[in-house]
$ cat protein_32.tsv   # TSV, C-alpha atoms
chain	number	residue	atom	x	y	z
T	1	MET	CA	-100.85	25.20	37.99
T	2	SER	CA	-97.56	25.16	39.89
T	3	SER	CA	-94.70	22.97	38.75
T	4	PRO	CA	-93.28	20.44	41.26
T	5	THR	CA	-90.36	22.76	42.05
T	6	SER	CA	-92.22	26.07	42.28
T	7	THR	CA	-93.85	27.76	45.24
T	8	VAL	CA	-97.60	28.05	45.72
T	9	ASN	CA	-98.75	31.66	45.38
T	10	LEU	CA	-101.86	32.92	47.19
T	11	SER	CA	-103.21	36.42	46.79
T	12	ALA	CA	-105.09	36.68	50.09
T	13	ILE	CA	-105.25	34.93	53.47
T	14	GLY	CA	-106.88	35.68	56.82
T	15	VAL	CA	-105.56	34.42	60.18
T	16	ASP	CA	-107.26	34.92	63.55
T	17	VAL	CA	-105.31	33.73	66.60
T	18	GLY	CA	-107.87	33.63	69.40
T	19	PHE	CA	-107.60	32.45	72.99
T	20	PHE	CA	-109.53	29.23	72.37
T	21	SER	CA	-108.95	28.54	68.68
T	22	THR	CA	-106.83	29.72	65.78
T	23	LYS	CA	-108.77	30.22	62.55
T	24	TYR	CA	-107.33	30.54	59.06
T	25	THR	CA	-108.64	30.76	55.52
T	26	LEU	CA	-107.44	28.80	52.52
T	27	GLY	CA	-107.66	31.50	49.89
T	28	THR	CA	-110.42	29.68	48.03
T	29	ARG	CA	-114.07	30.51	47.65
T	30	ASP	CA	-117.00	28.23	46.99
T	31	LYS	CA	-117.96	29.41	43.51
T	32	ARG	CA	-121.61	28.59	44.11
T	33	ASN	CA	-122.22	30.84	47.10
T	34	GLY	CA	-119.08	32.92	47.45
T	35	SER	CA	-118.25	31.56	50.91
T	36	ILE	CA	-114.69	31.49	52.21
T	37	GLU	CA	-113.37	28.19	53.52
T	38	VAL	CA	-112.25	28.43	57.14
T	39	ARG	CA	-110.45	25.84	59.27
T	40	GLN	CA	-109.27	25.94	62.86
T	41	PHE	CA	-107.24	24.23	65.58
T	42	PRO	CA	-106.97	24.75	69.37
T	43	SER	CA	-105.01	27.80	70.54
T	44	VAL	CA	-102.65	25.85	72.74
T	45	ALA	CA	-98.94	25.58	71.97
T	46	PRO	CA	-97.25	23.32	74.54
T	47	ARG	CA	-93.48	23.41	74.66
T	48	VAL	CA	-92.00	20.04	73.72
T	49	SER	CA	-88.67	18.70	74.93
T	50	ASN	CA	-86.20	16.88	72.70
T	51	ALA	CA	-87.14	13.65	74.47
T	52	LEU	CA	-90.75	13.97	73.32
T	53	LYS	CA	-89.94	15.05	69.78
T	54	GLY	CA	-89.62	11.47	68.51
T	55	LEU	CA	-92.71	10.32	70.40
T	56	THR	CA	-94.97	12.88	68.72
T	57	ALA	CA	-94.01	11.56	65.28
T	58	LYS	CA	-94.37	7.96	66.42
T	59	ASP	CA	-97.84	8.65	67.85
T	60	SER	CA	-98.96	10.24	64.55
T	61	LEU	CA	-100.26	13.34	66.27
T	62	ASP	CA	-101.98	15.86	63.98
T	63	GLY	CA	-99.90	19.01	64.10
T	64	ALA	CA	-96.39	20.37	63.69
T	65	MET	CA	-93.33	21.32	65.72
T	66	ILE	CA	-92.95	25.09	65.49
T	67	GLU	CA	-89.77	26.82	66.64
T	68	VAL	CA	-90.02	30.50	67.57
T	69	ASP	CA	-87.09	30.99	69.94
T	70	SER	CA	-83.93	29.08	69.12
T	71	GLY	CA	-84.07	25.54	70.49
T	72	VAL	CA	-87.60	25.91	71.93
T	73	ARG	CA	-90.24	23.86	70.11
T	74	HIS	CA	-94.01	24.18	70.38
T	75	PHE	CA	-96.46	21.55	69.19
T	76	VAL	CA	-99.35	23.19	67.33
T	77	GLY	CA	-102.36	21.44	65.80
T	78	GLN	CA	-105.52	19.46	66.46
T	79	ASP	CA	-103.82	17.10	68.92
T	80	ALA	CA	-102.00	19.76	70.96
T	81	TYR	CA	-104.02	18.92	74.08
T	82	GLN	CA	-102.29	15.52	74.08
T	83	LEU	CA	-99.10	17.30	75.14
T	84	MET	CA	-100.49	19.99	77.44
T	85	GLY	CA	-98.76	18.39	80.41
T	86	THR	CA	-95.53	19.93	79.16
T	87	SER	CA	-96.57	23.55	79.82
T	88	GLY	CA	-98.75	25.66	82.05
T	89	SER	CA	-102.21	27.11	81.50
T	90	ARG	CA	-102.92	30.16	79.39
T	91	ALA	CA	-103.62	33.64	80.68
T	92	VAL	CA	-105.40	36.62	79.14
T	93	THR	CA	-102.68	39.27	78.90
T	94	SER	CA	-102.46	42.58	77.06
T	95	ASP	CA	-99.24	41.55	75.33
T	96	TYR	CA	-100.47	38.13	74.19
T	97	CYS	CA	-99.62	38.83	70.54
T	98	THR	CA	-95.95	39.35	71.46
T	99	THR	CA	-95.54	35.99	73.20
T	100	SER	CA	-93.86	32.91	71.77
T	101	ASP	CA	-97.13	30.99	72.15
T	102	TYR	CA	-98.96	33.46	69.88
T	103	LYS	CA	-96.16	33.40	67.31
T	104	ALA	CA	-96.10	29.59	67.36
T	105	LEU	CA	-99.87	29.50	66.74
T	106	PHE	CA	-99.55	31.98	63.87
T	107	ARG	CA	-96.79	29.96	62.23
T	108	GLY	CA	-98.83	26.84	62.92
T	109	ALA	CA	-101.60	28.40	60.82
T	110	LEU	CA	-99.06	28.96	58.02
T	111	PHE	CA	-98.06	25.29	58.24
T	112	HIS	CA	-101.70	24.16	58.00
T	113	ILE	CA	-102.31	26.47	55.03
T	114	ALA	CA	-99.22	25.10	53.27
T	115	ARG	CA	-100.33	21.53	53.97
T	116	ALA	CA	-103.84	22.16	52.64
T	117	GLN	CA	-102.42	23.81	49.52
T	118	LYS	CA	-99.79	21.02	49.05
T	119	ALA	CA	-97.06	23.66	49.12
T	120	THR	CA	-94.04	21.45	49.68
T	121	HIS	CA	-91.51	23.73	47.93
T	122	GLY	CA	-92.51	27.12	49.31
T	123	LEU	CA	-95.51	29.36	49.88
T	124	THR	CA	-95.92	33.03	48.99
T	125	ILE	CA	-98.87	35.11	50.26
T	126	ASP	CA	-99.40	38.54	48.74
T	127	THR	CA	-101.61	39.97	51.51
T	128	LEU	CA	-102.37	38.54	54.95
T	129	VAL	CA	-104.83	40.22	57.31
T	130	ALA	CA	-104.94	39.38	61.02
T	131	GLY	CA	-106.77	40.90	63.97
T	132	LEU	CA	-106.36	41.96	67.58
T	133	PRO	CA	-108.85	42.77	70.34
T	134	LEU	CA	-109.77	46.42	70.67
T	135	SER	CA	-107.88	46.50	73.96
T	136	THR	CA	-104.57	46.05	72.12
T	137	VAL	CA	-105.09	46.80	68.42
T	138	TYR	CA	-104.04	50.45	68.67
T	139	THR	CA	-100.95	49.69	70.75
T	140	HIS	CA	-99.70	46.43	69.21
T	141	SER	CA	-100.90	46.34	65.58
T	142	LYS	CA	-97.73	47.82	64.04
T	143	GLU	CA	-95.49	45.47	65.99
T	144	LEU	CA	-97.58	42.49	64.91
T	145	GLU	CA	-97.54	43.65	61.28
T	146	ARG	CA	-93.74	43.74	61.41
T	147	PHE	CA	-93.67	40.16	62.73
T	148	ILE	CA	-96.11	38.90	60.09
T	149	ALA	CA	-94.57	40.51	57.01
T	150	GLY	CA	-91.48	38.83	55.59
T	151	GLU	CA	-90.14	35.30	55.83
T	152	HIS	CA	-91.25	32.48	58.14
T	153	LEU	CA	-89.83	28.97	58.35
T	154	VAL	CA	-92.25	26.17	59.18
T	155	PRO	CA	-91.96	22.38	58.93
T	156	SER	CA	-92.45	21.00	55.45
T	157	PRO	CA	-95.90	19.42	54.98
T	158	ASP	CA	-94.29	16.44	53.21
T	159	GLY	CA	-93.15	15.03	56.55
T	160	THR	CA	-89.42	15.48	55.98
T	161	ASP	CA	-87.07	17.28	58.36
T	162	LYS	CA	-86.52	20.18	55.98
T	163	ALA	CA	-88.05	23.60	56.57
T	164	LEU	CA	-90.59	25.26	54.29
T	165	ARG	CA	-90.10	28.94	53.45
T	166	VAL	CA	-93.25	31.08	53.69
T	167	VAL	CA	-93.06	34.65	52.41
T	168	ILE	CA	-95.74	37.21	53.28
T	169	ARG	CA	-95.39	40.31	51.15
T	170	ASN	CA	-97.91	42.57	52.88
T	171	ALA	CA	-99.49	42.43	56.33
T	172	LEU	CA	-102.40	44.32	57.86
T	173	VAL	CA	-103.77	44.06	61.40
T	174	ILE	CA	-107.27	45.35	62.21
T	175	ALA	CA	-109.70	45.16	65.12
T	176	GLN	CA	-111.17	41.68	65.35
T	177	PRO	CA	-114.85	42.74	65.34
T	178	GLN	CA	-114.22	44.87	62.25
T	179	GLY	CA	-113.66	41.57	60.44
T	180	ALA	CA	-117.16	40.42	61.42
T	181	LEU	CA	-118.64	43.69	60.13
T	182	ILE	CA	-116.82	43.28	56.81
T	183	ALA	CA	-117.96	39.67	56.50
T	184	HIS	CA	-121.53	40.74	57.26
T	185	GLY	CA	-121.37	43.26	54.43
T	186	VAL	CA	-119.83	40.74	52.00
T	187	ASP	CA	-122.76	38.43	52.72
T	188	GLY	CA	-125.13	41.19	51.66
T	189	THR	CA	-126.92	41.04	55.01
T	190	ASN	CA	-125.90	44.48	56.25
T	191	SER	CA	-126.59	47.89	54.81
T	192	MET	CA	-123.28	49.69	54.39
T	193	GLY	CA	-124.82	53.10	53.85
T	194	GLY	CA	-122.99	56.04	55.34
T	195	ASP	CA	-125.76	56.72	57.90
T	196	PHE	CA	-126.21	53.09	58.96
T	197	ASN	CA	-124.81	52.57	62.47
T	198	THR	CA	-123.81	49.10	63.61
T	199	LEU	CA	-122.74	47.98	67.07
T	200	VAL	CA	-120.70	44.78	66.80
T	201	LEU	CA	-120.47	42.81	70.05
T	202	ASP	CA	-117.71	40.20	69.84
T	203	MET	CA	-117.64	37.71	72.73
T	204	GLY	CA	-114.38	35.88	72.19
T	205	GLY	CA	-112.46	33.53	74.43
T	206	GLY	CA	-110.34	36.14	76.17
T	207	THR	CA	-112.09	39.45	75.60
T	208	PHE	CA	-115.46	41.03	75.01
T	209	ASP	CA	-115.10	43.70	72.31
T	210	TRP	CA	-117.59	46.33	71.21
T	211	PHE	CA	-117.16	48.10	67.90
T	212	VAL	CA	-119.32	51.01	66.76
T	213	ALA	CA	-119.19	51.96	63.08
T	214	ARG	CA	-121.05	54.17	60.64
T	215	GLY	CA	-121.00	52.16	57.45
T	216	VAL	CA	-117.59	50.48	57.82
T	217	LYS	CA	-115.82	53.44	59.47
T	218	PRO	CA	-115.30	52.96	63.22
T	219	ASN	CA	-116.03	55.54	65.88
T	220	ARG	CA	-112.93	54.97	68.01
T	221	ALA	CA	-114.31	56.99	70.90
T	222	LEU	CA	-117.13	54.47	71.32
T	223	CYS	CA	-115.12	51.28	70.71
T	224	GLY	CA	-113.60	49.28	73.52
T	225	ALA	CA	-112.97	45.94	75.15
T	226	VAL	CA	-112.81	44.24	78.53
T	227	SER	CA	-111.08	41.02	79.56
T	228	ILE	CA	-114.37	39.27	80.29
T	229	GLY	CA	-114.84	36.72	77.53
T	230	ALA	CA	-116.17	33.20	77.32
T	231	LEU	CA	-112.99	32.18	79.15
T	232	ALA	CA	-114.20	34.09	82.22
T	233	CYS	CA	-117.55	32.27	82.06
T	234	SER	CA	-115.81	28.90	81.88
T	235	ALA	CA	-113.50	29.86	84.75
T	236	ALA	CA	-116.50	30.82	86.91
T	237	VAL	CA	-118.13	27.44	86.26
T	238	CYS	CA	-114.88	25.59	87.01
T	239	ASP	CA	-114.46	27.49	90.30
T	240	GLU	CA	-117.98	26.47	91.30
T	241	ILE	CA	-117.29	22.80	90.56
T	242	LYS	CA	-113.86	22.64	92.20
T	243	PRO	CA	-111.29	25.29	93.20
T	244	GLY	CA	-108.22	25.15	90.95
T	245	LEU	CA	-110.03	23.29	88.18
T	246	LYS	CA	-109.69	26.27	85.83
T	247	GLU	CA	-105.92	25.70	85.72
T	248	ASN	CA	-106.56	22.59	83.60
T	249	PRO	CA	-106.82	23.86	79.98
T	250	GLU	CA	-108.52	20.71	78.68
T	251	ILE	CA	-111.24	20.96	81.33
T	252	MET	CA	-111.66	24.66	80.55
T	253	ALA	CA	-112.09	23.78	76.87
T	254	ARG	CA	-114.65	21.11	77.79
T	255	VAL	CA	-116.69	23.54	79.89
T	256	ASP	CA	-116.39	26.23	77.21
T	257	LYS	CA	-117.73	23.84	74.57
T	258	ALA	CA	-120.66	22.88	76.80
T	259	LEU	CA	-121.49	26.56	77.35
T	260	ARG	CA	-121.23	27.54	73.69
T	261	ASP	CA	-123.12	24.49	72.42
T	262	GLY	CA	-125.84	24.72	75.04
T	263	SER	CA	-125.12	21.18	76.25
T	264	PRO	CA	-127.27	20.05	79.18
T	265	THR	CA	-124.33	18.48	81.04
T	266	VAL	CA	-120.54	18.48	81.24
T	267	LEU	CA	-118.45	15.51	82.36
T	268	ILE	CA	-115.73	16.34	84.92
T	269	SER	CA	-113.76	13.62	86.75
T	270	GLY	CA	-116.38	11.06	85.80
T	271	VAL	CA	-119.24	13.14	87.22
T	272	SER	CA	-121.93	14.60	84.96
T	273	HIS	CA	-122.75	18.17	86.05
T	274	GLN	CA	-125.99	19.88	85.03
T	275	MET	CA	-125.09	23.06	83.16
T	276	SER	CA	-128.39	24.68	84.19
T	277	SER	CA	-127.13	24.85	87.78
T	278	PHE	CA	-124.43	27.31	86.65
T	279	SER	CA	-126.73	29.63	84.67
T	280	ALA	CA	-126.92	32.32	87.35
T	281	ILE	CA	-123.12	32.40	87.71
T	282	VAL	CA	-122.59	32.71	83.96
T	283	GLN	CA	-125.25	35.40	83.63
T	284	ARG	CA	-123.56	37.51	86.32
T	285	VAL	CA	-120.26	37.37	84.42
T	286	LEU	CA	-121.99	38.37	81.17
T	287	ALA	CA	-123.96	41.11	82.90
T	288	ASP	CA	-120.69	42.64	84.12
T	289	ALA	CA	-119.33	42.64	80.55
T	290	ILE	CA	-122.51	44.22	79.16
T	291	GLU	CA	-122.44	46.90	81.86
T	292	GLN	CA	-118.88	47.87	80.85
T	293	MET	CA	-120.02	48.12	77.22
T	294	ARG	CA	-123.03	50.30	78.12
T	295	LYS	CA	-120.82	52.70	80.08
T	296	SER	CA	-118.53	53.07	77.07
T	297	VAL	CA	-121.11	53.30	74.28
T	298	GLY	CA	-123.78	55.25	76.14
T	299	SER	CA	-127.15	55.68	74.46
T	300	LEU	CA	-128.07	53.06	71.86
T	301	ASP	CA	-130.80	55.15	70.27
T	302	SER	CA	-128.68	55.93	67.19
T	303	ILE	CA	-127.75	52.27	66.63
T	304	ASP	CA	-129.52	50.61	63.69
T	305	LYS	CA	-128.26	47.05	64.22
T	306	ILE	CA	-126.53	45.13	67.02
T	307	LEU	CA	-124.49	42.30	65.52
T	308	VAL	CA	-123.52	39.62	68.05
T	309	THR	CA	-120.55	37.52	67.02
T	310	GLY	CA	-117.60	35.50	68.36
T	311	GLY	CA	-117.43	32.04	69.89
T	312	GLY	CA	-119.66	33.13	72.78
T	313	ALA	CA	-122.30	34.79	70.59
T	314	HIS	CA	-125.19	32.50	71.50
T	315	LEU	CA	-124.09	32.60	75.15
T	316	LEU	CA	-124.22	36.40	75.10
T	317	GLN	CA	-127.55	36.70	73.26
T	318	LYS	CA	-129.83	35.86	76.20
T	319	ALA	CA	-127.93	38.05	78.67
T	320	LEU	CA	-128.02	40.91	76.17
T	321	THR	CA	-131.76	40.57	75.58
T	322	ASP	CA	-132.35	40.60	79.35
T	323	ALA	CA	-130.10	43.64	79.81
T	324	ILE	CA	-131.50	45.79	76.97
T	325	PRO	CA	-135.03	44.50	76.22
T	326	GLU	CA	-136.01	47.83	74.63
T	327	TYR	CA	-133.42	47.21	71.89
T	328	ALA	CA	-134.09	43.49	71.42
T	329	ASN	CA	-135.43	44.11	67.90
T	330	LEU	CA	-131.98	45.37	66.84
T	331	ILE	CA	-130.12	42.23	67.97
T	332	GLU	CA	-128.92	39.82	65.30
T	333	VAL	CA	-126.65	36.84	65.96
T	334	ASP	CA	-124.04	36.30	63.26
T	335	LYS	CA	-124.82	33.18	61.24
T	336	GLU	CA	-121.17	32.08	61.47
T	337	PRO	CA	-120.01	33.71	64.72
T	338	VAL	CA	-116.84	31.65	65.20
T	339	ALA	CA	-115.53	32.21	61.67
T	340	SER	CA	-116.92	35.65	60.84
T	341	ASN	CA	-113.87	37.66	61.93
T	342	VAL	CA	-111.40	35.65	59.86
T	343	ARG	CA	-113.76	35.59	56.89
T	344	GLY	CA	-113.81	39.39	57.03
T	345	PHE	CA	-110.01	39.43	57.24
T	346	HIS	CA	-109.85	37.32	54.09
T	347	ALA	CA	-112.31	39.55	52.23
T	348	LEU	CA	-110.27	42.62	53.15
T	349	ALA	CA	-107.04	40.87	52.11
T	350	GLU	CA	-108.61	40.11	48.72
T	351	TYR	CA	-109.62	43.75	48.33
T	352	GLN	CA	-106.15	44.99	49.32
T	353	ALA	CA	-104.44	42.52	46.97
T	354	SER	CA	-106.65	43.43	44.01
T	355	ALA	CA	-106.24	47.17	44.67
T	356	ARG	CA	-102.50	46.74	44.75
$ encode --input "protein_32.tsv" --output "structure tokens"
Amino acid sequence: MSSPTSTVNLSAIGVDVGFFSTKYTLGTRDKRNGSIEVRQFPSVAPRVSNALKGLTAKDSLDGAMIEVDSGVRHFVGQDAYQLMGTSGSRAVTSDYCTTSDYKALFRGALFHIARAQKATHGLTIDTLVAGLPLSTVYTHSKELERFIAGEHLVPSPDGTDKALRVVIRNALVIAQPQGALIAHGVDGTNSMGGDFNTLVLDMGGGTFDWFVARGVKPNRALCGAVSIGALACSAAVCDEIKPGLKENPEIMARVDKALRDGSPTVLISGVSHQMSSFSAIVQRVLADAIEQMRKSVGSLDSIDKILVTGGGAHLLQKALTDAIPEYANLIEVDKEPVASNVRGFHALAEYQASAR
């Protein structure tokens, strides 16, 4: 047990900064079933002026002020939507992981980890694993690893004005769907034999990734991604309801939740809209994404399992079954699609830390 003046030391942590939510692990397993505890908060990081700084504390908003660029503060946490009027809407860009918003969300995850671990005098993480979409992992992973490794200053969880020092000794960035494949293997629900081929389909907020692997080794030639995620489905619904509505991030989040949860209606401007009336629009968006995947992967005859994961997993399942009915018997929806990537990151971080 740490003394009151020592830092908290964690061997392994996973962090997944997505377009709709940021997920992080707490470095603890449930001893009864080996599960990894995962928490999350919205992936919005509104910039907050000095005038609003005092108001956020007074209003007891759940979150923290994170400074990335000198003098520029972002509010990150569960109540971030309360301050979204102070910044514009988000966009799916190839350099997302280099932006101040991404970095604020990542450091926000460190703050939440420190708060959960009661690390008021410092936090040291031996190995942290994060992920990127397949569209950017091979071009931006090294740059992101350099940002992650080293020292970060976040607000102290004790509510004082002092900063908390977080040190990350080792960083590794992998493809996001590879995390889901690792988590699937850790659960004992996937054969990891050398001749077992898995196609992981990860429908996230901003991208749709496909990841082909034999065992756990990826076939890079068959892996890819397209910027048609659940965000595109939500945007299509918003456009149908009212032009320009997709520029409102809270409304987009509301529509996204209705789509992912299979809610019969969504409330917009006091009007209850039947989600079934948008089914054809959503299916066209998903069909476009699946077509891009089929062009990249080619024949699926050598695939032994199709693992569907990500926040839009259940949304994708029906469209996928309609598109490839001859392979419907191979389709399996991840039992924890939202958290599977970050759980895999954590499992890999544990392996890396123990090997080291």
$ atom_distance --input "protein_32.tsv" --atom1 "atom CA of T:Cys97" --atom2 "atom CA of T:Gly311"
19.1 Å
$ residues_around --input "protein_32.tsv" --residues "T:His314" --least-positions-apart "5" --cutoff "9 Å" --atoms "all atoms listed in the file" --output "PyMOL selection string"
chain T and resi 260-262+308-309+333+337
$ atom_distance --input "protein_32.tsv" --atom1 "atom CA of T:Gly63" --atom2 "atom CA of T:Thr124"
21.0 Å
$ residues_near_point --input "protein_32.tsv" --point "(-113.5, 50.6, 62.7)" --cutoff "10 Å" --atoms "only C-alpha atoms" --output "list in words"
Leu134, Ile174, Ala175, Gln176, Pro177, Gln178, Gly179, Leu181, Ile182, Phe211, Val212, Ala213, Arg214, Gly215, Val216, Lys217, Pro218, Asn219, Arg220 and Cys223 of chain T
$ residues_near_point --input "protein_32.tsv" --point "(-129.9, 34.5, 68.5)" --cutoff "12 Å" --atoms "only C-alpha atoms" --output "compact mmCIF listing (two decimals) with C-alpha atoms, in the frame of the given file"
# COMPACT_ATOMS: atom_id res chain seq x y z
CA ILE T 306 -126.53 45.13 67.02
CA LEU T 307 -124.49 42.30 65.52
CA VAL T 308 -123.52 39.62 68.05
CA THR T 309 -120.55 37.52 67.02
CA GLY T 312 -119.66 33.13 72.78
CA ALA T 313 -122.30 34.79 70.59
CA HIS T 314 -125.19 32.50 71.50
CA LEU T 315 -124.09 32.60 75.15
CA LEU T 316 -124.22 36.40 75.10
CA GLN T 317 -127.55 36.70 73.26
CA LYS T 318 -129.83 35.86 76.20
CA ALA T 319 -127.93 38.05 78.67
CA LEU T 320 -128.02 40.91 76.17
CA THR T 321 -131.76 40.57 75.58
CA ALA T 328 -134.09 43.49 71.42
CA ASN T 329 -135.43 44.11 67.90
CA LEU T 330 -131.98 45.37 66.84
CA ILE T 331 -130.12 42.23 67.97
CA GLU T 332 -128.92 39.82 65.30
CA VAL T 333 -126.65 36.84 65.96
CA ASP T 334 -124.04 36.30 63.26
CA LYS T 335 -124.82 33.18 61.24
CA GLU T 336 -121.17 32.08 61.47
CA PRO T 337 -120.01 33.71 64.72
$ atom_distance --input "protein_32.tsv" --atom1 "atom CA of T:Phe147" --atom2 "atom CA of T:Leu105"
13.0 Å
$ residues_around --input "protein_32.tsv" --residues "T:Gly14" --least-positions-apart "5" --cutoff "8 Å" --atoms "all atoms listed in the file" --output "list in words"
Tyr24, Thr25, Leu128, Val129, Ala130, Val342, Arg343, Gly344, Phe345, His346 and Ala349 of chain T
$ closest_residue --input "protein_32.tsv" --among "T:Ala114, T:Ser94, T:Leu164, T:Gln292" --to "T:His140" --atoms "all atoms listed in the file"
T:Ser94
$ closest_residue --input "protein_32.tsv" --among "T:Thr198, T:Gln352, T:Gln40, T:Ser277" --to "T:Leu222" --atoms "all atoms listed in the file"
T:Thr198
$ residues_around --input "protein_32.tsv" --residues "T:Val68" --least-positions-apart "4" --cutoff "9 Å" --atoms "all atoms listed in the file" --output "PDB file with C-alpha atoms, keeping the file's coordinate frame"
ATOM      1  CA  VAL T  72     -87.600  25.910  71.930  1.00  0.00           C
ATOM      2  CA  ARG T  73     -90.240  23.860  70.110  1.00  0.00           C
ATOM      3  CA  HIS T  74     -94.010  24.180  70.380  1.00  0.00           C
ATOM      4  CA  SER T 100     -93.860  32.910  71.770  1.00  0.00           C
ATOM      5  CA  ASP T 101     -97.130  30.990  72.150  1.00  0.00           C
ATOM      6  CA  LYS T 103     -96.160  33.400  67.310  1.00  0.00           C
ATOM      7  CA  ALA T 104     -96.100  29.590  67.360  1.00  0.00           C
ATOM      8  CA  ARG T 107     -96.790  29.960  62.230  1.00  0.00           C
TER       9      ARG T 107
END
$ closest_residue --input "protein_32.tsv" --among "T:Arg254, T:Lys242, T:Lys23, T:Arg284" --to "T:Glu37" --atoms "only C-alpha atoms"
T:Lys23
$ closest_residue --input "protein_32.tsv" --among "T:Phe19, T:Phe111, T:Phe106, T:Tyr138" --to "T:Val166" --atoms "all atoms listed in the file"
T:Phe111
$ build_atoms --input "protein_32.tsv" --residues "stretch 323-343 of chain T" --atoms "N, CA and C atoms" --output "PDB file, in the frame of the given file"
ATOM      1  N   ALA T 323    -130.675  42.371  79.359  1.00  0.00           N
ATOM      2  CA  ALA T 323    -130.100  43.640  79.810  1.00  0.00           C
ATOM      3  C   ALA T 323    -130.692  44.840  79.067  1.00  0.00           C
ATOM      4  N   ILE T 324    -130.988  44.661  77.770  1.00  0.00           N
ATOM      5  CA  ILE T 324    -131.500  45.790  76.970  1.00  0.00           C
ATOM      6  C   ILE T 324    -132.759  45.343  76.196  1.00  0.00           C
ATOM      7  N   PRO T 325    -133.834  44.991  76.900  1.00  0.00           N
ATOM      8  CA  PRO T 325    -135.030  44.500  76.220  1.00  0.00           C
ATOM      9  C   PRO T 325    -135.639  45.500  75.244  1.00  0.00           C
ATOM     10  N   GLU T 326    -135.432  46.802  75.508  1.00  0.00           N
ATOM     11  CA  GLU T 326    -136.010  47.830  74.630  1.00  0.00           C
ATOM     12  C   GLU T 326    -135.318  47.871  73.265  1.00  0.00           C
ATOM     13  N   TYR T 327    -134.143  47.242  73.166  1.00  0.00           N
ATOM     14  CA  TYR T 327    -133.420  47.210  71.890  1.00  0.00           C
ATOM     15  C   TYR T 327    -133.332  45.788  71.318  1.00  0.00           C
ATOM     16  N   ALA T 328    -134.156  44.888  71.842  1.00  0.00           N
ATOM     17  CA  ALA T 328    -134.090  43.490  71.420  1.00  0.00           C
ATOM     18  C   ALA T 328    -134.332  43.319  69.926  1.00  0.00           C
ATOM     19  N   ASN T 329    -135.137  44.223  69.339  1.00  0.00           N
ATOM     20  CA  ASN T 329    -135.430  44.110  67.900  1.00  0.00           C
ATOM     21  C   ASN T 329    -134.220  44.414  67.037  1.00  0.00           C
ATOM     22  N   LEU T 330    -133.182  45.035  67.608  1.00  0.00           N
ATOM     23  CA  LEU T 330    -131.980  45.370  66.840  1.00  0.00           C
ATOM     24  C   LEU T 330    -130.952  44.239  66.848  1.00  0.00           C
ATOM     25  N   ILE T 331    -131.128  43.272  67.755  1.00  0.00           N
ATOM     26  CA  ILE T 331    -130.120  42.230  67.970  1.00  0.00           C
ATOM     27  C   ILE T 331    -130.179  41.167  66.886  1.00  0.00           C
ATOM     28  N   GLU T 332    -129.044  40.881  66.296  1.00  0.00           N
ATOM     29  CA  GLU T 332    -128.920  39.820  65.300  1.00  0.00           C
ATOM     30  C   GLU T 332    -127.659  39.009  65.591  1.00  0.00           C
ATOM     31  N   VAL T 333    -127.805  37.707  65.729  1.00  0.00           N
ATOM     32  CA  VAL T 333    -126.650  36.840  65.960  1.00  0.00           C
ATOM     33  C   VAL T 333    -126.047  36.452  64.617  1.00  0.00           C
ATOM     34  N   ASP T 334    -124.758  36.651  64.483  1.00  0.00           N
ATOM     35  CA  ASP T 334    -124.040  36.300  63.260  1.00  0.00           C
ATOM     36  C   ASP T 334    -124.291  34.839  62.907  1.00  0.00           C
ATOM     37  N   LYS T 335    -124.527  34.558  61.647  1.00  0.00           N
ATOM     38  CA  LYS T 335    -124.820  33.180  61.240  1.00  0.00           C
ATOM     39  C   LYS T 335    -123.601  32.275  61.330  1.00  0.00           C
ATOM     40  N   GLU T 336    -122.399  32.850  61.290  1.00  0.00           N
ATOM     41  CA  GLU T 336    -121.170  32.080  61.470  1.00  0.00           C
ATOM     42  C   GLU T 336    -120.281  32.810  62.483  1.00  0.00           C
ATOM     43  N   PRO T 337    -120.695  32.855  63.749  1.00  0.00           N
ATOM     44  CA  PRO T 337    -120.010  33.710  64.720  1.00  0.00           C
ATOM     45  C   PRO T 337    -118.553  33.340  64.984  1.00  0.00           C
ATOM     46  N   VAL T 338    -118.217  32.065  64.923  1.00  0.00           N
ATOM     47  CA  VAL T 338    -116.840  31.650  65.200  1.00  0.00           C
ATOM     48  C   VAL T 338    -115.901  32.070  64.078  1.00  0.00           C
ATOM     49  N   ALA T 339    -116.391  31.980  62.839  1.00  0.00           N
ATOM     50  CA  ALA T 339    -115.530  32.210  61.670  1.00  0.00           C
ATOM     51  C   ALA T 339    -115.695  33.589  61.048  1.00  0.00           C
ATOM     52  N   SER T 340    -116.608  34.399  61.545  1.00  0.00           N
ATOM     53  CA  SER T 340    -116.920  35.650  60.840  1.00  0.00           C
ATOM     54  C   SER T 340    -115.742  36.624  60.816  1.00  0.00           C
ATOM     55  N   ASN T 341    -115.001  36.731  61.923  1.00  0.00           N
ATOM     56  CA  ASN T 341    -113.870  37.660  61.930  1.00  0.00           C
ATOM     57  C   ASN T 341    -112.847  37.308  60.853  1.00  0.00           C
ATOM     58  N   VAL T 342    -112.450  36.050  60.809  1.00  0.00           N
ATOM     59  CA  VAL T 342    -111.400  35.650  59.860  1.00  0.00           C
ATOM     60  C   VAL T 342    -111.911  35.686  58.419  1.00  0.00           C
ATOM     61  N   ARG T 343    -113.196  35.467  58.229  1.00  0.00           N
ATOM     62  CA  ARG T 343    -113.760  35.590  56.890  1.00  0.00           C
ATOM     63  C   ARG T 343    -113.692  37.045  56.421  1.00  0.00           C
TER      64      ARG T 343
END
